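> Structure: start25.tsv, TSV, C-alpha atoms.
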chain	number	residue	atom	x	y	z
A	252	MET	CA	53.21	-32.60	0.54
A	253	TYR	CA	51.72	-33.36	-2.87
A	254	ARG	CA	48.48	-34.56	-1.29
A	255	SER	CA	48.05	-31.46	0.94
A	256	SER	CA	48.82	-29.15	-2.01
A	257	LEU	CA	46.24	-30.94	-4.13
A	258	LEU	CA	43.66	-30.71	-1.34
A	259	PHE	CA	44.41	-27.01	-0.91
A	260	LEU	CA	44.02	-26.30	-4.65
A	261	LEU	CA	40.82	-28.34	-4.80
A	262	THR	CA	39.38	-26.40	-1.84
A	263	ILE	CA	40.22	-23.08	-3.49
A	264	PHE	CA	38.70	-24.22	-6.79
A	265	ILE	CA	35.45	-25.31	-5.08
A	266	PHE	CA	35.24	-22.07	-3.11
A	267	ALA	CA	35.86	-19.98	-6.22
A	268	ALA	CA	33.27	-21.94	-8.21
A	269	CYS	CA	30.69	-21.58	-5.43
A	270	GLN	CA	31.45	-17.90	-5.06
A	271	ARG	CA	30.99	-17.37	-8.81
A	272	ASP	CA	27.64	-19.22	-8.70
A	273	ILE	CA	26.52	-17.08	-5.78
A	274	GLU	CA	27.50	-13.90	-7.63
A	275	GLU	CA	25.91	-15.01	-10.91
A	276	ASN	CA	22.68	-16.11	-9.22
A	277	ALA	CA	22.47	-13.17	-6.88
A	278	SER	CA	19.32	-11.31	-7.66
A	279	THR	CA	20.07	-8.14	-5.81
A	280	ILE	CA	18.76	-4.75	-6.69
A	281	ASP	CA	22.22	-3.22	-6.29
A	282	GLN	CA	22.78	-3.78	-10.00
A	283	ILE	CA	20.06	-1.34	-11.04
A	284	ASP	CA	19.70	2.40	-10.56
A	285	ILE	CA	17.70	2.52	-7.31
A	286	PRO	CA	18.63	4.88	-4.44
A	287	SER	CA	19.72	3.07	-1.30
A	288	ASP	CA	16.75	4.51	0.66
A	289	LEU	CA	14.35	2.79	-1.75
A	290	GLN	CA	16.18	-0.53	-2.03
A	291	PRO	CA	14.64	-2.19	1.06
A	292	TYR	CA	11.15	-1.45	-0.29
A	293	PHE	CA	12.02	-2.80	-3.74
A	294	GLN	CA	13.45	-5.93	-2.11
A	295	THR	CA	10.35	-6.46	0.05
A	296	PHE	CA	8.12	-5.99	-3.01
A	297	LYS	CA	10.15	-8.62	-4.84
A	298	GLU	CA	9.88	-11.04	-1.89
A	299	LYS	CA	6.12	-10.49	-1.55
A	300	ALA	CA	5.69	-11.02	-5.29
A	301	LEU	CA	7.54	-14.33	-5.04
A	302	GLU	CA	5.31	-15.38	-2.11
A	303	ASN	CA	2.39	-14.74	-4.47
A	304	GLY	CA	3.90	-16.78	-7.31
A	305	LEU	CA	5.40	-13.91	-9.32
A	306	GLN	CA	9.06	-13.63	-10.29
A	307	ILE	CA	10.26	-10.03	-10.45
A	308	ASP	CA	13.40	-9.10	-12.39
A	309	TYR	CA	14.03	-5.38	-12.04
A	310	GLU	CA	17.00	-5.42	-14.39
A	311	SER	CA	15.00	-7.01	-17.22
A	312	ALA	CA	12.17	-4.60	-16.51
A	313	ASN	CA	14.64	-1.76	-17.04
A	314	ILE	CA	13.43	0.12	-13.98
A	315	THR	CA	15.05	3.11	-12.36
A	316	ALA	CA	13.98	5.27	-9.44
A	317	GLU	CA	14.78	8.48	-7.66
A	318	ILE	CA	13.72	10.59	-4.71
A	319	ARG	CA	13.26	14.26	-5.64
A	320	LEU	CA	10.72	17.06	-5.30
A	321	ILE	CA	7.56	16.57	-7.36
A	322	ASP	CA	5.84	19.85	-8.18
A	323	GLU	CA	2.34	18.42	-8.55
A	324	GLY	CA	0.48	19.31	-5.38
A	325	SER	CA	-0.02	16.33	-3.11
A	326	VAL	CA	1.53	13.69	-5.40
A	327	ALA	CA	3.71	11.31	-3.35
A	328	GLY	CA	5.02	9.27	-6.26
A	329	THR	CA	4.87	8.70	-10.00
A	330	CYS	CA	5.56	5.91	-12.47
A	331	SER	CA	6.70	7.07	-15.89
A	332	THR	CA	7.04	4.67	-18.77
A	333	ASN	CA	8.51	4.98	-22.21
A	334	GLY	CA	6.71	2.11	-23.88
A	335	HIS	CA	8.30	-1.03	-22.53
A	336	ASP	CA	11.84	0.31	-22.80
A	337	LEU	CA	12.02	2.33	-19.60
A	338	ARG	CA	10.12	2.43	-16.33
A	339	HIS	CA	10.98	5.17	-13.86
A	340	ILE	CA	9.63	5.74	-10.36
A	341	THR	CA	9.90	9.12	-8.69
A	342	ILE	CA	9.10	9.52	-4.99
A	343	ASP	CA	8.51	13.02	-3.69
A	344	GLU	CA	11.32	14.11	-1.37
A	345	SER	CA	9.06	16.12	0.96
A	346	PHE	CA	6.74	13.13	1.36
A	347	TRP	CA	9.70	10.78	1.91
A	348	ASN	CA	11.25	12.95	4.62
A	349	GLN	CA	8.11	12.99	6.76
A	350	ALA	CA	6.39	9.64	6.02
A	351	SER	CA	6.35	6.60	8.27
A	352	HIS	CA	7.93	3.33	7.14
A	353	LEU	CA	4.50	1.85	6.39
A	354	LEU	CA	3.36	4.85	4.36
A	355	LYS	CA	6.62	4.79	2.37
A	356	GLU	CA	6.06	1.09	1.67
A	357	MET	CA	2.50	1.71	0.51
A	358	VAL	CA	3.55	4.44	-1.95
A	359	VAL	CA	6.53	2.50	-3.31
A	360	PHE	CA	4.36	-0.62	-3.70
A	361	HIS	CA	1.67	1.49	-5.40
A	362	GLU	CA	4.18	2.83	-7.94
A	363	LEU	CA	5.69	-0.63	-8.48
A	364	GLY	CA	2.12	-1.83	-8.99
A	365	HIS	CA	1.95	0.52	-11.97
A	366	CYS	CA	5.49	0.12	-13.33
A	367	ILE	CA	6.06	-3.60	-12.74
A	368	LEU	CA	2.61	-5.19	-12.44
A	369	GLY	CA	0.88	-2.97	-15.01
A	370	ARG	CA	-1.97	-2.20	-12.62
A	371	GLY	CA	-4.16	0.84	-13.03
A	372	HIS	CA	-6.00	2.72	-10.33
A	373	GLU	CA	-8.70	0.98	-8.30
A	374	GLU	CA	-11.18	3.32	-6.66
A	375	SER	CA	-13.59	0.88	-5.01
A	376	ALA	CA	-14.20	0.93	-1.29
A	377	PHE	CA	-15.65	-1.30	1.40
A	378	PRO	CA	-19.03	-0.22	2.84
A	379	ASN	CA	-17.19	1.49	5.71
A	380	GLY	CA	-15.35	3.76	3.25
A	381	ILE	CA	-11.95	2.04	3.45
A	382	CYS	CA	-10.14	1.67	0.10
A	383	ARG	CA	-10.09	-1.89	-1.23
A	384	SER	CA	-6.64	-1.44	-2.77
A	385	ILE	CA	-3.42	0.52	-2.39
A	386	MET	CA	-3.85	1.14	-6.12
A	387	ARG	CA	-6.37	3.92	-5.45
A	388	SER	CA	-5.59	7.24	-7.11
A	389	GLY	CA	-6.16	9.45	-4.11
A	390	LEU	CA	-8.83	11.35	-6.06
A	391	GLY	CA	-11.69	9.21	-4.80
A	392	SER	CA	-13.40	9.38	-1.44
A	393	CYS	CA	-12.13	6.15	0.12
A	394	ARG	CA	-9.80	6.23	3.12
A	395	ASP	CA	-6.46	4.41	3.34
A	396	ALA	CA	-6.08	1.73	5.98
A	397	TYR	CA	-2.59	0.42	5.22
A	398	ILE	CA	-1.81	-0.42	8.83
A	399	PRO	CA	-0.04	-3.45	10.32
A	400	GLN	CA	-3.34	-5.29	10.88
A	401	ASN	CA	-4.38	-4.87	7.22
A	402	ARG	CA	-0.99	-5.03	5.48
A	403	ASP	CA	-1.25	-8.70	4.46
A	404	TYR	CA	-4.67	-8.12	2.89
A	405	PHE	CA	-3.46	-5.16	0.81
A	406	ILE	CA	-0.32	-6.97	-0.35
A	407	GLN	CA	-2.34	-10.03	-1.36
A	408	GLU	CA	-4.82	-7.79	-3.19
A	409	LEU	CA	-1.97	-6.02	-4.98
A	410	PHE	CA	-0.70	-9.26	-6.52
A	411	SER	CA	-4.03	-11.09	-6.83
A	412	SER	CA	-5.13	-9.67	-10.18
A	413	VAL	CA	-1.75	-10.17	-11.84
A	414	GLU	CA	-1.10	-13.30	-13.86
A	415	GLY	CA	2.58	-14.29	-14.19
A	416	LEU	CA	5.13	-11.77	-15.36
Kindly transcribe the structure held in the file into C-alpha cells.

Amino acid sequence: MYRSSLLFLLTIFIFAACQRDIEENASTIDQIDIPSDLQPYFQTFKEKALENGLQIDYESANITAEIRLIDEGSVAGTCSTNGHDLRHITIDESFWNQASHLLKEMVVFHELGHCILGRGHEESAFPNGICRSIMRSGLGSCRDAYIPQNRDYFIQELFSSVEGL
C-alpha cells in the first residue's frame, strides 16, 4: 500500500512539473492582444522567422492587432508604432472579408515586416515587372506575385535582410 501510494504521488508530481514546464515554455500568441482570425498568420510568421534563424517574441515586442475599417482608400493594413513601447497592426475589415488566405498572409506578413522586423518599403521589381518583395508600398508600378509557386522566395526575401532580433 505504501509503495503504490508513493508511486502514485511521484507520478502526479512528475506530471504536474512537466505540465508547469509546458505552460511556462509555451510560446503561444494567445497571451497577447491578437484577434483569433489573425493568430494563425502571426503563428506562421513566427515559425517562418525561426526557420530563417530569427526568434520572435510578440509579448516582448508589445504588439497588438485588430481588424477594423480603415478609411484610407485602398489601404489593406497599417503598422503604427509609439517609439519602441507599442506596435499595433490594423487590418482593414473590408479587405479581410473578401481576401484569399494567401493575400491575407501577404498583408499580415507585410505589416509584421514593418512592426517586428523594422523593414521599410521596397519598390524594386524584376525585369518582368513583378515586385521583388512583399514589402512594396503599393504606390509603385510593380505587380504582386505572392502565389504558391513564389511564396517561399518572398518569405525568404522578407527575412533575408534582417539580422537577429
> Neighbouring residues of Leu390 (chain A) were defined as those with any atom within 12 Å, considering only C-alpha atoms; residues of the same chain fewer than 4 positions away were excluded. Please report them as number ranges by chain.
A: 325-326, 372-375, 382, 386, 394-395
> Quick one: pull the distance between CA of Gln407 (chain A) and CA of Met357 (chain A), Å, one decimal.
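Here the two named atoms are 12.8 Å from each other.
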> Please indicate the distance in Å from CA of Gly371 (chain A) to CA of Asp322 (chain A), rounded to one decimal place.
22.0 Å
> With a distance cut-off of 10 Å and all atoms listed in the file, select the neighbouring residues of Cys393 (chain A), excluding the residue or stretch itself and same-chain residues fewer than 5 positions from it, and output the selection as a VMD selection string.
chain A and resid 374 to 384 387 to 388
> With only C-alpha atoms as the basis for distance, which of A:Ile398, A:Cys330, A:Leu320, A:Leu337 is at the shortest distance from Leu353 (chain A)?
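Selected residue with least distance to Leu353 (chain A): A:Ile398.
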> So how many Å separate CA of Asp284 (chain A) and CA of Phe405 (chain A), to one decimal?
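CA of Phe405 (chain A) lies at a distance of 26.9 Å from CA of Asp284 (chain A).
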> What's the 10 Å shell around Cys366 (chain A), counting all atoms listed in the file, without same-chain residues fewer than 4 positions away, as a list in words?
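Answer for this query is Ala312, Ile314, Thr329, Cys330, Ser331, Thr332, His335, Leu337, Arg338, His339, Ile340, Phe360, His361, Glu362, Arg370 and Gly371 of chain A.
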> Taking only C-alpha atoms into account, which of A:Asp343, A:Glu356, A:Glu408, A:Asp403 comes nearest Ile318 (chain A)?
A:Asp343
> Which is closest to Lys299 (chain A) among A:Ser411, A:Asn333, A:Gln349, A:Thr315, if we use all atoms listed in the file?
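Going through A:Ser411, A:Asn333, A:Gln349, A:Thr315 one by one, the smallest distance to Lys299 (chain A) is for A:Ser411.
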> Kindly reconstruct region 376-401 of chain A with N, CA and C atoms and present the result as a PDB file, in the coordinates of the input.

ATOM      1  N   ALA A 376     -14.347   0.872  -2.742  1.00  0.00           N
ATOM      2  CA  ALA A 376     -14.200   0.930  -1.290  1.00  0.00           C
ATOM      3  C   ALA A 376     -15.135  -0.087  -0.628  1.00  0.00           C
ATOM      4  N   PHE A 377     -14.773  -0.464   0.578  1.00  0.00           N
ATOM      5  CA  PHE A 377     -15.650  -1.300   1.400  1.00  0.00           C
ATOM      6  C   PHE A 377     -16.812  -0.414   1.878  1.00  0.00           C
ATOM      7  N   PRO A 378     -17.890  -1.023   2.352  1.00  0.00           N
ATOM      8  CA  PRO A 378     -19.030  -0.220   2.840  1.00  0.00           C
ATOM      9  C   PRO A 378     -18.661   0.800   3.915  1.00  0.00           C
ATOM     10  N   ASN A 379     -17.586   0.539   4.661  1.00  0.00           N
ATOM     11  CA  ASN A 379     -17.190   1.490   5.710  1.00  0.00           C
ATOM     12  C   ASN A 379     -16.316   2.637   5.187  1.00  0.00           C
ATOM     13  N   GLY A 380     -16.094   2.673   3.853  1.00  0.00           N
ATOM     14  CA  GLY A 380     -15.350   3.760   3.250  1.00  0.00           C
ATOM     15  C   GLY A 380     -13.849   3.521   3.113  1.00  0.00           C
ATOM     16  N   ILE A 381     -13.367   2.370   3.566  1.00  0.00           N
ATOM     17  CA  ILE A 381     -11.950   2.040   3.450  1.00  0.00           C
ATOM     18  C   ILE A 381     -11.653   1.582   2.019  1.00  0.00           C
ATOM     19  N   CYS A 382     -10.557   2.071   1.458  1.00  0.00           N
ATOM     20  CA  CYS A 382     -10.140   1.670   0.100  1.00  0.00           C
ATOM     21  C   CYS A 382      -9.911   0.163   0.058  1.00  0.00           C
ATOM     22  N   ARG A 383     -10.304  -0.454  -1.043  1.00  0.00           N
ATOM     23  CA  ARG A 383     -10.090  -1.890  -1.230  1.00  0.00           C
ATOM     24  C   ARG A 383      -8.680  -2.209  -1.709  1.00  0.00           C
ATOM     25  N   SER A 384      -7.936  -1.195  -2.161  1.00  0.00           N
ATOM     26  CA  SER A 384      -6.640  -1.440  -2.770  1.00  0.00           C
ATOM     27  C   SER A 384      -5.692  -0.268  -2.512  1.00  0.00           C
ATOM     28  N   ILE A 385      -4.400  -0.568  -2.449  1.00  0.00           N
ATOM     29  CA  ILE A 385      -3.420   0.520  -2.390  1.00  0.00           C
ATOM     30  C   ILE A 385      -3.236   1.144  -3.773  1.00  0.00           C
ATOM     31  N   MET A 386      -3.923   0.599  -4.765  1.00  0.00           N
ATOM     32  CA  MET A 386      -3.850   1.140  -6.120  1.00  0.00           C
ATOM     33  C   MET A 386      -4.854   2.261  -6.341  1.00  0.00           C
ATOM     34  N   ARG A 387      -5.428   2.795  -5.297  1.00  0.00           N
ATOM     35  CA  ARG A 387      -6.370   3.920  -5.450  1.00  0.00           C
ATOM     36  C   ARG A 387      -5.599   5.162  -5.873  1.00  0.00           C
ATOM     37  N   SER A 388      -6.259   6.061  -6.560  1.00  0.00           N
ATOM     38  CA  SER A 388      -5.590   7.240  -7.110  1.00  0.00           C
ATOM     39  C   SER A 388      -5.405   8.353  -6.085  1.00  0.00           C
ATOM     40  N   GLY A 389      -6.183   8.351  -5.062  1.00  0.00           N
ATOM     41  CA  GLY A 389      -6.160   9.450  -4.110  1.00  0.00           C
ATOM     42  C   GLY A 389      -7.164  10.525  -4.477  1.00  0.00           C
ATOM     43  N   LEU A 390      -7.825  10.367  -5.628  1.00  0.00           N
ATOM     44  CA  LEU A 390      -8.830  11.350  -6.060  1.00  0.00           C
ATOM     45  C   LEU A 390     -10.230  10.944  -5.625  1.00  0.00           C
ATOM     46  N   GLY A 391     -10.382   9.698  -5.241  1.00  0.00           N
ATOM     47  CA  GLY A 391     -11.690   9.210  -4.800  1.00  0.00           C
ATOM     48  C   GLY A 391     -11.933   9.565  -3.343  1.00  0.00           C
ATOM     49  N   SER A 392     -13.023   9.023  -2.814  1.00  0.00           N
ATOM     50  CA  SER A 392     -13.400   9.380  -1.440  1.00  0.00           C
ATOM     51  C   SER A 392     -13.049   8.306  -0.419  1.00  0.00           C
ATOM     52  N   CYS A 393     -12.457   7.195  -0.852  1.00  0.00           N
ATOM     53  CA  CYS A 393     -12.130   6.150   0.120  1.00  0.00           C
ATOM     54  C   CYS A 393     -10.951   6.571   0.992  1.00  0.00           C
ATOM     55  N   ARG A 394     -10.865   5.929   2.162  1.00  0.00           N
ATOM     56  CA  ARG A 394      -9.800   6.230   3.120  1.00  0.00           C
ATOM     57  C   ARG A 394      -8.795   5.078   3.148  1.00  0.00           C
ATOM     58  N   ASP A 395      -7.509   5.425   3.232  1.00  0.00           N
ATOM     59  CA  ASP A 395      -6.460   4.410   3.340  1.00  0.00           C
ATOM     60  C   ASP A 395      -6.513   3.740   4.705  1.00  0.00           C
ATOM     61  N   ALA A 396      -6.172   2.470   4.718  1.00  0.00           N
ATOM     62  CA  ALA A 396      -6.080   1.730   5.980  1.00  0.00           C
ATOM     63  C   ALA A 396      -4.901   0.760   5.894  1.00  0.00           C
ATOM     64  N   TYR A 397      -3.800   1.242   5.337  1.00  0.00           N
ATOM     65  CA  TYR A 397      -2.590   0.420   5.220  1.00  0.00           C
ATOM     66  C   TYR A 397      -1.864   0.493   6.565  1.00  0.00           C
ATOM     67  N   ILE A 398      -2.346  -0.340   7.473  1.00  0.00           N
ATOM     68  CA  ILE A 398      -1.810  -0.420   8.830  1.00  0.00           C
ATOM     69  C   ILE A 398      -1.362  -1.857   9.069  1.00  0.00           C
ATOM     70  N   PRO A 399      -0.555  -2.092  10.111  1.00  0.00           N
ATOM     71  CA  PRO A 399      -0.040  -3.450  10.320  1.00  0.00           C
ATOM     72  C   PRO A 399      -1.110  -4.545  10.292  1.00  0.00           C
ATOM     73  N   GLN A 400      -2.278  -4.285  10.847  1.00  0.00           N
ATOM     74  CA  GLN A 400      -3.340  -5.290  10.880  1.00  0.00           C
ATOM     75  C   GLN A 400      -3.903  -5.619   9.498  1.00  0.00           C
ATOM     76  N   ASN A 401      -3.813  -4.685   8.559  1.00  0.00           N
ATOM     77  CA  ASN A 401      -4.380  -4.870   7.220  1.00  0.00           C
ATOM     78  C   ASN A 401      -3.343  -5.088   6.136  1.00  0.00           C
TER      79      ASN A 401
END
